[in-house]
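Novice: My structure is below; once you've seen it, I'll send some questions.
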Amino acid sequence: MTRRLKRRGREALDRIGPRRSEDRVIAEAAQYWTSPAEPAWAGNSHWRTGIPGQWEKVGQDHLALFDKLARVLDAPPSFGTVLEWGCGGGANAVAFAPRAERFVAVDVVQASLDECRAHTLAACDVDFEPLLVEVEKPEAAVTAIGRASCDVFLCLYVVELLPSAEYATRILRIAREVLAPGGVAFIQVKYRDSDGRTAPRRNYARNLASQTIFPIDHFWQVAEENGFRPEAVHLVPENELDRNYAYFLLSAA
C-alpha cells in the first residue's frame, strides 16, 4: 500500500509540476537514450536481453497486424524499401526485413543500430542501412534517406517516448517526405483513455513510456494535416508490455 501511494504521489507531482521547455525535454530524452547504463534501458530499447521471452513475439505480432490492416488498401503495399524509425534492438526488423529489398534502420543510439543489424542480418540477407540521428535534429535524416525513396515507414513503440506531441508531428512530416507515391506508414501511438490515467508526464526518465500521448481522433487529424490519408486504426487496450496502444495505417495522400 505504501509503495502504491508513493507511486501515485510521484505521478501527481509529474502532472502538476512546472511545464518544461521543448528544448529541455529534448535534452533530457537525448541524455536518457545515450546512457545505456540507465535502469530498464535495454527493455525500453527493446533489446532481446531487455524483454526476454517477448522479443520475437513483438515483431511477429506487428507484422501480422500490418498485413491485416493492409487488406483495406486498393493494392498490396510494396516492400522494396522499408524504413523503421526507432529500430531499437531489432525486434521489428527481424520480422519485416525478410520481405524487403532494402531496410533502413534509424535510431539515436549507435549500440542499438549495431544490435539491430546483427539480428537482422542473422535473419535474412537484406540490404541493411543503419542511420544514426541526433534527437535534436531528426530532419537531417531526410537527406541521408532520400526523399520519396521508401515504400513502408514503421514507427512502433516510439511515439510515446518522444519529447512532445509537436516533436511527434515532426516525425510525421519526415515520414511523408521520405515515402514514395503509394507508400504507407504504420505508426503506433499511446492514446489517452477516459479516466485520464495517461495524462502527459513531466519527468522524462521516470515516465518516458507515457511522455507523449494522443486522443485517437487528434492523431488522425494531425496525420491528415501532414499529408496522410488514414486508412485504418486498431486499438490494443492492454498487452504484455503496456496498455492504451493505437496502431494507424496511413497512406501517402
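Scheme for the C-alpha cells: letters A, B, ... for chains in order shown; per-chain residue numbers from 1; ligand numbers from 1 in order shown.
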Per DSSP on the backbone, what are the strand (DSSP E or B) residues of stretch 55-216 of chain A, as an NGL selection string?

Specialist: :A and (81-85 or 102-107 or 127-132 or 150-155 or 179-191 or 214)

Novice: Report, in Å to a single decimal, how far apart atom CA of A:Phe214 and atom CA of A:Val178 are.

Specialist: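 Going from atom CA of A:Val178 over to atom CA of A:Phe214, I get 23.4 Å.
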
Novice: With a distance cut-off of 10 Å and only C-alpha atoms, select the neighbouring residues of stretch 88-101 of chain A, excluding the residue or stretch itself and same-chain residues fewer than 5 positions from it, and output the selection as a VMD selection string.

Specialist: chain A and resid 42 to 51 54 to 64 66 78 to 83 106 to 128 151 to 152 154 to 158

Novice: Could you tell me how far atom CA of A:Leu131 sits from atom CA of A:Glu38, in Å to one decimal place?

Specialist: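 Atom CA of A:Leu131 lies at a distance of 22.9 Å from atom CA of A:Glu38.
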
Novice: Give me the residues near A:Glu238 as a ChimeraX atom specification, where near means some atom within 12 Å (using only C-alpha atoms) and where sequence neighbours in that chain fewer than 5 positions away do not count.

Specialist: /A:190-191,193,243-246

Novice: A:Ala185, A:Ala70, A:Val159, A:Ala30: which is nearest A:Thr212, counting only C-alpha atoms?

Specialist: A:Val159

Novice: Can you tell me which residues surround A:Ala165 at a distance of at most 10 Å, considering only C-alpha atoms, apart from same-chain residues fewer than 4 positions away, and format the answer as a list in words?

Specialist: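 That gives Val159, Glu160, Thr169, Arg170, Ile171, Pro200, Gln211, Thr212, Ile213, Phe214, Phe219 and Val222 of chain A.
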
Novice: From a backbone DSSP assignment, name each residue in stretch 3-252 of chain A labelled alpha helix (DSSP H), as number ranges by chain.

Specialist: A: 3-16, 22-33, 41-44, 55-69, 93-96, 110-123, 141-145, 165-178, 204-207, 216-225
